[in-house]
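Engineer: Data: final-v8.cif, mmCIF, C-alpha atoms and all ligand atoms.
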data_upload
#
loop_
_atom_site.label_atom_id
_atom_site.label_comp_id
_atom_site.auth_asym_id
_atom_site.auth_seq_id
_atom_site.Cartn_x
_atom_site.Cartn_y
_atom_site.Cartn_z
CA MET S 17 -113.54 -40.33 -57.79
CA GLU S 18 -116.51 -40.15 -55.39
CA LYS S 19 -118.17 -43.33 -54.20
CA ASN S 20 -121.40 -43.04 -56.11
CA ALA S 21 -119.56 -43.08 -59.46
CA TYR S 22 -118.41 -46.63 -58.61
CA LYS S 23 -121.94 -47.46 -57.42
CA LEU S 24 -123.44 -46.09 -60.64
CA ALA S 25 -120.94 -48.03 -62.76
CA ALA S 26 -121.81 -51.22 -60.84
CA LYS S 27 -125.52 -50.55 -61.37
CA LEU S 28 -125.01 -50.16 -65.15
CA ILE S 29 -122.94 -53.35 -65.25
CA LYS S 30 -125.46 -55.42 -63.25
CA GLY S 31 -128.36 -54.16 -65.36
CA ALA S 32 -126.74 -54.72 -68.75
CA LYS S 33 -127.78 -57.54 -71.09
CA ASN S 34 -124.79 -57.51 -73.49
CA ILE S 35 -121.51 -56.18 -72.14
CA ILE S 36 -118.38 -55.61 -74.21
CA VAL S 37 -115.12 -55.00 -72.36
CA PHE S 38 -112.78 -53.27 -74.82
CA THR S 39 -109.18 -53.45 -73.59
CA GLY S 40 -105.81 -52.04 -74.59
CA ALA S 41 -102.21 -52.17 -73.38
CA GLY S 42 -103.06 -50.18 -70.23
CA ILE S 43 -104.79 -53.17 -68.63
CA SER S 44 -101.51 -55.11 -68.82
CA ALA S 45 -99.33 -52.24 -67.57
CA GLU S 46 -99.71 -53.35 -63.93
CA SER S 47 -98.45 -56.78 -65.00
CA GLY S 48 -95.18 -55.06 -65.94
CA ILE S 49 -95.81 -54.98 -69.70
CA PRO S 50 -94.98 -51.56 -71.20
CA THR S 51 -97.71 -49.72 -73.10
CA PHE S 52 -97.12 -48.16 -76.53
CA ARG S 53 -98.04 -44.51 -75.89
CA GLY S 54 -98.16 -42.21 -72.88
CA LYS S 55 -95.10 -41.30 -70.84
CA ASP S 56 -93.15 -44.62 -70.78
CA GLY S 57 -94.65 -45.91 -74.03
CA LEU S 58 -92.62 -48.23 -76.26
CA TRP S 59 -93.21 -45.99 -79.27
CA ASN S 60 -91.30 -43.23 -77.46
CA LYS S 61 -88.17 -45.42 -77.59
CA TYR S 62 -88.63 -47.51 -80.70
CA ASN S 63 -89.86 -46.65 -84.19
CA PRO S 64 -92.98 -48.69 -85.01
CA GLN S 65 -92.22 -48.26 -88.73
CA GLU S 66 -89.02 -50.27 -88.19
CA LEU S 67 -90.50 -52.95 -85.95
CA ALA S 68 -94.22 -53.37 -86.55
CA THR S 69 -94.80 -53.32 -90.30
CA TYR S 70 -94.63 -56.04 -92.96
CA GLU S 71 -92.07 -53.98 -94.92
CA ALA S 72 -89.84 -53.73 -91.82
CA PHE S 73 -90.05 -57.50 -91.38
CA ILE S 74 -89.09 -58.26 -94.99
CA LYS S 75 -86.25 -55.72 -94.81
CA ASN S 76 -84.81 -57.08 -91.55
CA PRO S 77 -86.58 -60.20 -90.21
CA LYS S 78 -83.90 -60.78 -87.57
CA LEU S 79 -84.28 -57.27 -86.06
CA VAL S 80 -88.07 -57.53 -85.98
CA TRP S 81 -87.84 -60.98 -84.41
CA GLU S 82 -85.39 -59.72 -81.78
CA TRP S 83 -88.03 -57.15 -80.80
CA TYR S 84 -90.84 -59.71 -80.62
CA ASP S 85 -88.63 -62.26 -78.83
CA PHE S 86 -87.81 -59.56 -76.25
CA ARG S 87 -91.53 -58.83 -75.77
CA ARG S 88 -92.39 -62.57 -75.61
CA GLN S 89 -89.80 -63.03 -72.83
CA LEU S 90 -91.26 -60.05 -70.93
CA ILE S 91 -94.82 -61.33 -71.31
CA LYS S 92 -93.86 -64.88 -70.35
CA LYS S 93 -92.55 -63.56 -66.99
CA ALA S 94 -95.68 -61.44 -66.45
CA SER S 95 -98.84 -62.58 -64.71
CA PRO S 96 -102.42 -61.39 -65.07
CA ASN S 97 -103.12 -58.55 -62.62
CA LYS S 98 -106.22 -57.78 -60.50
CA ALA S 99 -107.93 -56.10 -63.46
CA HIS S 100 -107.70 -59.23 -65.65
CA ILE S 101 -108.77 -61.39 -62.70
CA ILE S 102 -111.85 -59.33 -61.81
CA LEU S 103 -113.01 -59.44 -65.45
CA ALA S 104 -112.60 -63.22 -65.50
CA LYS S 105 -114.66 -63.46 -62.29
CA TRP S 106 -117.42 -61.23 -63.67
CA GLU S 107 -117.65 -63.41 -66.78
CA GLU S 108 -118.88 -66.25 -64.54
CA PHE S 109 -122.16 -64.44 -63.86
CA LEU S 110 -122.34 -61.44 -66.22
CA PRO S 111 -122.90 -61.44 -70.03
CA ILE S 112 -119.37 -60.26 -70.87
CA THR S 113 -117.28 -60.56 -74.06
CA ILE S 114 -113.76 -59.17 -74.00
CA ILE S 115 -112.65 -57.50 -77.23
CA THR S 116 -108.94 -56.89 -76.81
CA GLN S 117 -106.26 -55.10 -78.81
CA ASN S 118 -103.66 -56.90 -76.70
CA VAL S 119 -101.64 -59.82 -78.00
CA ASP S 120 -100.29 -60.97 -74.61
CA GLU S 121 -102.95 -63.61 -73.78
CA LEU S 122 -103.21 -62.36 -70.16
CA HIS S 123 -107.01 -62.33 -70.31
CA GLN S 124 -106.93 -66.05 -71.19
CA ARG S 125 -104.40 -66.73 -68.43
CA ALA S 126 -106.68 -64.95 -65.93
CA GLY S 127 -109.47 -67.36 -66.88
CA SER S 128 -111.61 -65.29 -69.28
CA LYS S 129 -113.16 -67.39 -72.02
CA ASN S 130 -115.21 -65.07 -74.29
CA ILE S 131 -112.34 -63.20 -75.93
CA ILE S 132 -111.92 -61.64 -79.38
CA GLU S 133 -108.30 -60.78 -80.25
CA LEU S 134 -108.43 -57.95 -82.78
CA HIS S 135 -104.65 -57.63 -83.22
CA GLY S 136 -103.68 -61.30 -83.14
CA ASN S 137 -101.58 -63.13 -80.58
CA ILE S 138 -97.85 -62.87 -79.89
CA TRP S 139 -97.64 -66.63 -79.17
CA THR S 140 -98.82 -67.52 -82.68
CA LEU S 141 -96.17 -68.01 -85.36
CA LYS S 142 -97.33 -68.16 -88.98
CA CYS S 143 -95.61 -68.72 -92.31
CA ILE S 144 -95.22 -65.55 -94.40
CA ASN S 145 -95.99 -67.62 -97.50
CA GLU S 146 -99.77 -67.34 -97.83
CA ASN S 147 -99.91 -70.49 -100.00
CA CYS S 148 -98.22 -72.49 -97.27
CA GLY S 149 -100.57 -71.37 -94.51
CA TYR S 150 -98.58 -73.05 -91.73
CA LYS S 151 -99.44 -71.75 -88.25
CA GLU S 152 -98.50 -72.83 -84.72
CA LYS S 153 -98.83 -71.73 -81.10
CA ASN S 154 -95.29 -71.51 -79.72
CA TYR S 155 -94.55 -70.41 -76.13
CA GLU S 156 -90.77 -70.73 -76.37
CA ALA S 157 -89.13 -67.53 -75.04
CA PRO S 158 -86.39 -67.00 -76.01
CA LEU S 159 -86.84 -68.76 -79.35
CA LYS S 160 -83.95 -71.09 -80.27
CA GLU S 161 -83.40 -69.53 -83.69
CA LEU S 162 -84.19 -66.03 -85.00
CA PRO S 163 -85.86 -65.69 -87.41
CA PRO S 164 -87.74 -69.02 -86.99
CA ILE S 165 -88.19 -71.06 -90.18
CA CYS S 166 -91.39 -72.71 -91.37
CA PRO S 167 -91.07 -76.48 -90.83
CA LYS S 168 -93.40 -77.05 -93.80
CA CYS S 169 -92.01 -74.87 -96.61
CA HIS S 170 -88.79 -73.47 -95.02
CA ASP S 171 -89.86 -69.87 -95.64
CA LEU S 172 -89.84 -67.38 -92.74
CA LEU S 173 -92.25 -67.62 -89.83
CA ARG S 174 -93.64 -64.26 -88.60
CA PRO S 175 -95.36 -63.24 -85.35
CA GLY S 176 -99.13 -63.82 -85.61
CA VAL S 177 -99.89 -60.19 -84.77
CA VAL S 178 -101.43 -57.41 -86.88
CA TRP S 179 -98.84 -54.88 -88.06
CA PHE S 180 -99.52 -51.26 -88.96
CA GLY S 181 -101.07 -51.08 -92.41
CA GLU S 182 -102.33 -54.66 -92.29
CA PRO S 183 -105.99 -55.69 -92.22
CA LEU S 184 -107.37 -57.06 -88.94
CA PRO S 185 -108.45 -60.72 -88.92
CA GLN S 186 -111.78 -60.63 -90.79
CA GLU S 187 -113.67 -63.04 -88.52
CA ALA S 188 -112.59 -61.26 -85.31
CA LEU S 189 -113.42 -57.86 -86.78
CA SER S 190 -116.91 -58.73 -87.99
CA LYS S 191 -117.73 -60.56 -84.75
CA ALA S 192 -116.52 -57.58 -82.69
CA PHE S 193 -118.57 -55.06 -84.65
CA SER S 194 -121.73 -57.15 -84.66
CA LEU S 195 -121.42 -57.53 -80.86
CA ALA S 196 -120.81 -53.76 -80.54
CA LYS S 197 -124.06 -53.04 -82.40
CA LYS S 198 -125.99 -55.22 -79.92
CA ALA S 199 -124.15 -54.18 -76.72
CA ASP S 200 -125.96 -52.02 -74.18
CA LEU S 201 -122.70 -51.40 -72.30
CA CYS S 202 -119.05 -51.02 -73.31
CA ILE S 203 -116.40 -50.88 -70.57
CA VAL S 204 -113.24 -49.39 -72.12
CA ILE S 205 -110.06 -50.18 -70.19
CA GLY S 206 -106.50 -49.01 -70.82
CA THR S 207 -106.55 -47.79 -74.40
CA SER S 208 -105.50 -44.47 -75.91
CA GLY S 209 -108.30 -44.97 -78.43
CA VAL S 210 -106.24 -43.76 -81.40
CA VAL S 211 -105.75 -46.93 -83.48
CA TYR S 212 -108.52 -47.77 -85.94
CA PRO S 213 -110.61 -49.70 -86.76
CA ALA S 214 -110.40 -51.12 -83.18
CA ALA S 215 -110.95 -47.72 -81.54
CA HIS S 216 -114.30 -47.46 -83.34
CA ILE S 217 -115.84 -50.15 -81.08
CA PRO S 218 -116.98 -47.87 -78.20
CA PHE S 219 -118.40 -45.36 -80.71
CA VAL S 220 -120.50 -48.10 -82.36
CA VAL S 221 -121.93 -49.03 -78.94
CA LYS S 222 -122.76 -45.36 -78.27
CA GLU S 223 -124.34 -44.91 -81.72
CA ASN S 224 -126.62 -47.83 -80.89
CA ASN S 225 -127.73 -46.20 -77.60
CA GLY S 226 -125.37 -48.24 -75.43
CA LYS S 227 -123.59 -46.78 -72.41
CA VAL S 228 -119.79 -46.34 -72.21
CA ILE S 229 -117.67 -46.59 -69.05
CA GLU S 230 -114.02 -45.61 -69.50
CA ILE S 231 -111.14 -46.60 -67.21
CA ASN S 232 -107.83 -45.04 -68.24
CA LEU S 233 -104.97 -43.14 -66.60
CA GLU S 234 -105.66 -40.08 -68.75
CA PRO S 235 -108.41 -38.64 -70.99
CA THR S 236 -108.64 -40.03 -74.52
CA PRO S 237 -110.85 -39.35 -77.59
CA ILE S 238 -113.23 -41.91 -76.07
CA SER S 239 -113.69 -39.72 -72.96
CA GLN S 240 -115.99 -37.41 -74.94
CA ILE S 241 -118.58 -40.19 -75.35
CA ALA S 242 -118.08 -41.86 -71.96
CA ASP S 243 -121.03 -41.81 -69.57
CA ILE S 244 -118.55 -42.31 -66.71
CA SER S 245 -114.75 -41.95 -66.88
CA PHE S 246 -112.39 -43.22 -64.16
CA PHE S 247 -108.93 -41.67 -64.62
CA GLU S 248 -107.03 -44.10 -62.46
CA LYS S 249 -105.33 -47.51 -62.59
CA ALA S 250 -107.50 -50.26 -64.02
CA SER S 251 -107.04 -52.56 -61.01
CA LEU S 252 -108.06 -49.82 -58.55
CA ALA S 253 -111.17 -48.73 -60.46
CA LEU S 254 -112.32 -52.32 -61.05
CA GLU S 255 -111.71 -53.24 -57.41
CA LYS S 256 -113.86 -50.31 -56.23
CA ILE S 257 -116.63 -51.05 -58.77
CA ASN S 258 -116.47 -54.71 -57.77
CA GLU S 259 -117.42 -53.79 -54.19
CA TYR S 260 -120.91 -52.94 -55.49
CA ILE S 261 -121.31 -55.86 -57.93
N1 LIG S 301 -104.57 -48.50 -65.87
C1 LIG S 301 -105.36 -47.92 -66.81
N2 LIG S 301 -104.88 -47.31 -67.92
C2 LIG S 301 -103.54 -47.29 -68.08
C3 LIG S 301 -102.65 -47.87 -67.15
C4 LIG S 301 -103.21 -48.49 -66.00
N3 LIG S 301 -102.45 -49.06 -65.05
N4 LIG S 301 -101.37 -47.66 -67.59
C5 LIG S 301 -101.47 -47.00 -68.76
N5 LIG S 301 -102.76 -46.77 -69.05
C6 LIG S 301 -103.34 -46.09 -70.23
C7 LIG S 301 -102.48 -45.01 -70.82
O1 LIG S 301 -102.81 -43.76 -70.23
C8 LIG S 301 -102.86 -45.06 -72.31
O2 LIG S 301 -103.90 -44.12 -72.59
O3 LIG S 301 -103.44 -47.09 -71.23
C9 LIG S 301 -103.40 -46.47 -72.51
C10 LIG S 301 -102.51 -47.32 -73.40
O4 LIG S 301 -102.53 -46.76 -74.69
P1 LIG S 301 -101.57 -47.37 -75.80
O5 LIG S 301 -100.21 -47.55 -75.22
O6 LIG S 301 -101.75 -46.52 -77.02
O7 LIG S 301 -102.12 -48.82 -76.07
P2 LIG S 301 -103.35 -49.24 -76.98
O8 LIG S 301 -104.43 -48.20 -76.91
O9 LIG S 301 -103.70 -50.62 -76.59
O10 LIG S 301 -102.70 -49.24 -78.45
C11 LIG S 301 -103.51 -49.72 -79.51
O11 LIG S 301 -101.59 -49.62 -80.97
O12 LIG S 301 -99.34 -50.02 -81.21
C12 LIG S 301 -100.59 -50.50 -81.52
O13 LIG S 301 -101.18 -52.73 -81.94
C13 LIG S 301 -100.79 -51.86 -80.91
O14 LIG S 301 -102.80 -52.80 -79.92
C14 LIG S 301 -101.94 -51.66 -79.92
C15 LIG S 301 -102.65 -50.44 -80.50
#
Translate this file's structure into structure tokens.

Structural biologist:
Amino acid sequence: MEKNAYKLAAKLIKGAKNIIVFTGAGISAESGIPTFRGKDGLWNKYNPQELATYEAFIKNPKLVWEWYDFRRQLIKKASPNKAHIILAKWEEFLPITIITQNVDELHQRAGSKNIIELHGNIWTLKCINENCGYKEKNYEAPLKELPPICPKCHDLLRPGVVWFGEPLPQEALSKAFSLAKKADLCIVIGTSGVVYPAAHIPFVVKENNGKVIEINLEPTPISQIADISFFEKASLALEKINEYI
């Protein structure tokens, strides 16, 4: 990408009043956490219908927990990469809110504070019994027992993530979309842009005359509305933009 694209991106970022950074699994790839789609994507090896739906969980809670326990162990060993760290730095002096589809908590670990988690958090365990409502943050990896049992009602505990076919957390969703309507800039990083309603976020910014900067290894449906697209690693693009911030 030629130099002035990074300069232009930096100019848009410095001039923006309300910035949304919309992130997906690609921003954590350089921390060693596999993405879902694209060449080495998890969904090429595993069937999401068997591992990431409520029905799959009820059918075989132990199998689903083995999958999440495996991912929790991977994430526990991972550290935030340069991309997460630059975003946390920018938040100190730029009006940034991160709206993430990721459940790995690497943005928090990099020091970002203004974060909306649209798809939940892999470190949250919650009781499947809605009337019980028990919920806890649990960073044990591996977990001692699979599936973990609710200490309150002794029903099953599930990962506090959003599965396919489930509604997104209402508060996070409405907050994300009201911010998107007000944002004058959306920086999209590391998402294939195919999972809704999350993938709608950059389009809402565009519809409200905001600008869109995309950073992704390959073109996505969001590329068609991007004012600037950087088809390279998130850490490299952000490092080069950061030189002009
Ligand atoms: N830098 C930038 N982009 C990258 C990098 C990288 N180092 N590595 C991979 N990518 C890009 C890939 O090209 C791909 O387009 O990141 C994107 C990741 O896309 P997905 O794997 O589909 O992840 P995501 O868009 O976050 O998936 C959305 O789907 O499975 C559900 O709930 C899950 O939140 C997830 C949702």

Engineer: Write out as a PyMOL selection string each polymer residue (protein, DNA or RNA) that has an atom no more than 6 Å from ligand LIG 301 (chain S), with only C-alpha atoms and all ligand atoms counted.

Structural biologist: chain S and resi 40-43+45-46+51-54+57+117-118+206-209+211+231-234+249-250

Engineer: To one decimal place in Å, what is the distance between CA of Ala242 (chain S) and CA of Trp106 (chain S)?

Structural biologist: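 Calculated distance between CA of Ala242 (chain S) and CA of Trp106 (chain S) is 21.1 Å.
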
Engineer: Please determine, counting all atoms listed in the file, which residue among S:Ala32, S:Ile229, S:Asn130, S:Gln89 has the shortest atom-to-atom distance to Phe246 (chain S).

Structural biologist: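 Answer, going by the shortest atom-to-atom distance: S:Ile229.
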
Engineer: Which polymer residues have any atom within 12 Å of an atom of Pro77 (chain S), counting only C-alpha atoms, with same-chain residues fewer than 5 positions away left out, as number ranges by chain?

Structural biologist: S: 66-72, 82-85, 144, 161-165, 171-175

Engineer: I need the residue nearest Lys191 (chain S) from this list: S:Glu133, S:Glu146, S:Glu107, S:Glu255. Use only C-alpha atoms for the distance.

Structural biologist: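 The answer is S:Glu133, which sits nearest to Lys191 (chain S).
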
Engineer: Just how far from CA of Ile238 (chain S) is CA of Ile114 (chain S), in Å to one decimal?

Structural biologist: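 Computed distance, CA of Ile114 (chain S) to CA of Ile238 (chain S), equals 17.4 Å.
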
Engineer: Residues within 12 Å of Ala214 (chain S), please, as number ranges by chain. Count all atoms listed in the file; anything in the same chain fewer than 4 positions from it doesn't count.

Structural biologist: S: 38-40, 115-118, 132-135, 178, 183-185, 188-190, 192-193, 196, 204, 207-210, 218-220, 238

Engineer: Provide the CA of Asp243 (chain S) to CA of Asn225 (chain S) distance in Å, to one decimal place.

Structural biologist: 11.3 Å

Engineer: Give the answer as one residue: which of S:Asn224, S:Asn60, S:Thr236, S:Gln186 has the shortest atom-to-atom distance to Asp200 (chain S), using all atoms listed in the file?

Structural biologist: S:Asn224

Engineer: Which polymer residues have any atom within 6 Å of an atom of Ser128 (chain S), counting all atoms listed in the file, with same-chain residues fewer than 4 positions away left out, as an MDAnalysis selection string?

Structural biologist: chainID S and resid 104 123:124

Engineer: Show me as a VMD selection string the residues that reach within 7 Å of (-94.5, -63.1, -75.3), counting only C-alpha atoms and using the file's own coordinates.

Structural biologist: chain S and resid 85 87 to 92 120 138 to 139 157

Engineer: How big is the axis-aligned box, and where does its centre sit, when it encloses all atoms of region 35-48 of chain S listed in the file and has 3 Å added on every side, reported in Å to one decimal as AutoDock Vina command-line options?

Structural biologist:
--center_x -108.3 --center_y -53.5 --center_z -69.4 --size_x 32.3 --size_y 12.6 --size_z 16.9

Engineer: When you count all atoms listed in the file, which of these residues is closest to Asn63 (chain S): S:Lys227, S:Leu201, S:Gly31, S:Phe180?

Structural biologist: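 Residue with the minimum atom-to-atom distance to Asn63 (chain S): S:Phe180.
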
Engineer: Pick from S:Trp179, S:Val80, S:Ala94, S:Gln65: nearest to Pro50 (chain S), with only C-alpha atoms counted?

Structural biologist: S:Ala94

Engineer: Which residue out of S:Ala199, S:Ile244, S:Leu254, S:Ile205 has the minimum interatomic distance to Glu223 (chain S) when only C-alpha atoms are used?

Structural biologist: S:Ala199

Engineer: Residues within 12 Å of Gly127 (chain S), please, as a list in words. Count only C-alpha atoms; anything in the same chain fewer than 5 positions from it doesn't count.

Structural biologist: Ser95, Pro96, Asn97, Lys98, Ala99, His100, Ile101, Ile102, Leu103, Ala104, Lys105, Trp106, Glu107, Glu108, Ile114, Glu121 and Leu122 of chain S

Engineer: Give me, as a ChimeraX atom specification, all polymer residues having an atom no more than 10 Å from Gly149 (chain S), counting only C-alpha atoms and skipping those fewer than 6 positions away in the same chain.

Structural biologist: /S:142-143,166,168-169

Engineer: Counting all atoms listed in the file, I want the residues whose atoms come within 6 Å of (-100.5, -69.6, -88.3) in the file frame, returned as a PyMOL selection string.

Structural biologist: chain S and resi 141-142+150-152
